[in-house]
Amino acid sequence: MSERDFSEVRRIVVKVGTNLLSSDEGVSLSFLASLCEQIAHIRMMGYQVVLVTSGAIGIGARMLNIRERVTSVKLRQACASIGQPYLMHHYSTFLSSYHIITSQILLTTELFRNRRTYLNTRNTLETLLSLGVLPICNENDTVSTAEIGSAFGDNDRLSAYIASKIDADLLIILSDVQGLFSSDPSSDPSAQLISEVPVIDDRIVTAAGGSGSTFATGGMKTKIKAVEIASRAGCKCVIASGREKMILEQIAAGREVGTYFYPGKKISQRQRWIRNAQTSVRIIIDQGAVNAIRKRKSLLPSGVTAVEGSFSAGSVVMINSIAKAVPSFDSTELQQLIGRHSRDIRKITGSHRRDVIARPEDIVFIDEQKVYVQDNKKQRDLL
Ligand code: GLU
């Protein structure tokens with residue numbers, strides 16, 4: 001079996017999904033025991049590990065004897081509140097036999113949107129890792145819902161945001177499928193496991209069940225989205241089956257298992273924060289302003305035509321549907337600045353304020369979809 005060059009990998013985020021964790025009794029203790037043993041092993045191999053775990057809602061539902069998928073928001077929140085402590089209890093019990101101290105971090109998109117709480121969470125994760133603790137993360141499903149715009153929606157994406165936040169070298173997404181296939185393996189006998197993905201192109205999006213395709217094996221679509229997020233942080237990603245023996249050790253050792261996605265060009269932490277923040281508030285600008293900011297010029301008030309929603313200065317907002325930005329003014333101030341000349345900014349908002357709405361470094365385009373691979377020889381050869 002050939003090897004992948006993971007020699008520079010030090011920090012690994014491992015994500016495990018509900019399907020792997022749950023059983024008819026609630027949580028699959030045999031899976032959890034094996035996962036914890038593997039985590040203990042890779043930590044002994046010298047890797048720092050952060051675990052992102054699902055399962056809270058599933059375990060809570062089983063405890064309430066609910067057999068079908070929980071769709072009601074209130075019930076999901078209640079199930080998460082019941083299941084999360086049990087999930088943590090099992091992890092800390094298994095891991096304490098390897099003398100591993102665990103910690104719990106429950107996250108919402110709001111914590112990621114706000115620069116201060118974003119940095120605080122990052123500092124906490126860094127401190128825990130430096131203390132040799134195993135941080136165990138999940139979405140705070142009890143308080144965050146898609147309805148109030150505070151949900152990540154799935155833990156694939158959450159794991160990628162965490163990998164990006166802490167500059168992880170490798171994100172391992174464990175699933176109940178072996179990796180990404182060229183087509184749906186359940187209906188196409190010629191489906192092939194794709195071993196390496198140098199760049200996420202249309203072929204990969206289609207294979208993952210993008211538009212026009214009816215299959216989305218193991219939620220592969222959200223996994224590819226997660227890979228794109230991690231990729232922009234220069235993080236390598238592997239999607240593999242959590243049911244395979246010693247899968248974490250095999251992946252860390254560079255064995256060719258699952259699907260390996262090459263890292264993309266790393267963008268700065270601040271740019272990643274802007275890009276990854278989920279936001280529904282918006283500044284609408286005219287075509288002239290679009291052209292200007294695409295040429296890396298500042299966003300000026302003369303190009304603003306509308307402001308949607310309420311936000312504070314320094315938070316992340318959408319610019320039309322093409323970019324995200326951090327404006328220097330809040331939504332009330334911006335309403336007053338619509339269509340005005342830049343020289344009016346200080347007259348309206350005060351002499352100490354900036355004379356532009358957002359500088360080029362405060363703007364990140366989100367419609368430049370392609371994730372480019374890093375320029376090293378092996379990747380060039382494969383492209
Ligand atoms: N956070 C959810 C849970 O703990 C799972 C979300 C997901 O599986 O993507 O149950």
# chains A, B, ... in the order shown; residues from 1 in each chain; ligands from 1
>>> residues_near_ligand(ligand="ligand 1", cutoff="7 Å", atoms="only C-alpha atoms and all ligand atoms", output="PyMOL selection string")
chain A and resi 17-18+53-58+80+138-139+141+153-156
>>> select_by_dssp(residues="range 15-84 of chain A", states="helix (DSSP H, G or I)", output="VMD selection string")
chain A and resid 18 to 21 29 to 44 56 to 63 73 to 84
>>> closest_atom_pairs(of="range 84-173 of chain A", to="range 257-264 of chain A", cutoff="10 Å", atoms="only C-alpha atoms", output="tab-separated table")
residue	atom	partner	partner_atom	distance
A:Asp169	CA	A:Pro263	CA	8.9
A:Leu170	CA	A:Pro263	CA	8.9
A:Leu171	CA	A:Phe261	CA	9.7
A:Ile172	CA	A:Tyr260	CA	9.3
A:Ile173	CA	A:Gly258	CA	9.7
>>> residues_around(residues="Val304 in chain A", least_positions_apart="6", cutoff="12 Å", atoms="only C-alpha atoms", output="list in words")
Arg282, Ile283, Ile284, Ile285, Asp286, Gln287, Gly288, Ala289, Val290, Ile319, Asn320, Pro327, Ser331, Leu334, Gln335, Gln336, Leu337, Ile338, Gly339, Arg340, His341, Ser342, Val356, Ile357 and Ala358 of chain A
>>> atom_distance(atom1="CA of Ser195 in chain A", atom2="CA of Arg275 in chain A")
28.5 Å
>>> select_by_dssp(residues="range 1-45 of chain A", states="strand (DSSP E or B)", output="list in words")
Glu3, Arg11, Ile12, Val13, Val14, Lys15, Val16, Ser22, Ser23, Gly26 and Val27 of chain A
>>> closest_residue(among="A:Val13, A:Pro301, A:Thr279, A:Ala292", to="Asp167 in chain A", atoms="only C-alpha atoms")
A:Val13
>>> closest_residue(among="A:Asp188, A:Asp367, A:Phe6, A:Arg116", to="Gly314 in chain A", atoms="only C-alpha atoms")
A:Arg116
>>> closest_residue(among="A:Asp344, A:Asp355, A:Glu361, A:Glu308", to="Gln271 in chain A", atoms="only C-alpha atoms")
A:Glu361
>>> closest_atom_pairs(of="range 76-164 of chain A", to="range 235-247 of chain A", cutoff="12 Å", atoms="only C-alpha atoms", output="tab-separated table")
residue	atom	partner	partner_atom	distance
A:Asp156	CA	A:Ile239	CA	10.4
A:Ser159	CA	A:Cys237	CA	10.9
A:Ala160	CA	A:Cys235	CA	9.0
A:Tyr161	CA	A:Cys235	CA	10.9
A:Ile162	CA	A:Cys235	CA	11.0
A:Ala163	CA	A:Cys235	CA	7.4
A:Ser164	CA	A:Cys235	CA	7.3
>>> atom_distance(atom1="CA of Gly209 in chain A", atom2="CA of Lys221 in chain A")
6.0 Å
>>> closest_residue(among="A:Arg67, A:His89, A:Arg115, A:Arg11", to="Ile166 in chain A", atoms="only C-alpha atoms")
A:Arg11
>>> closest_residue(among="A:Ala252, A:Met44, A:Leu75, A:Ile267", to="Ile12 in chain A", atoms="only C-alpha atoms")
A:Ala252
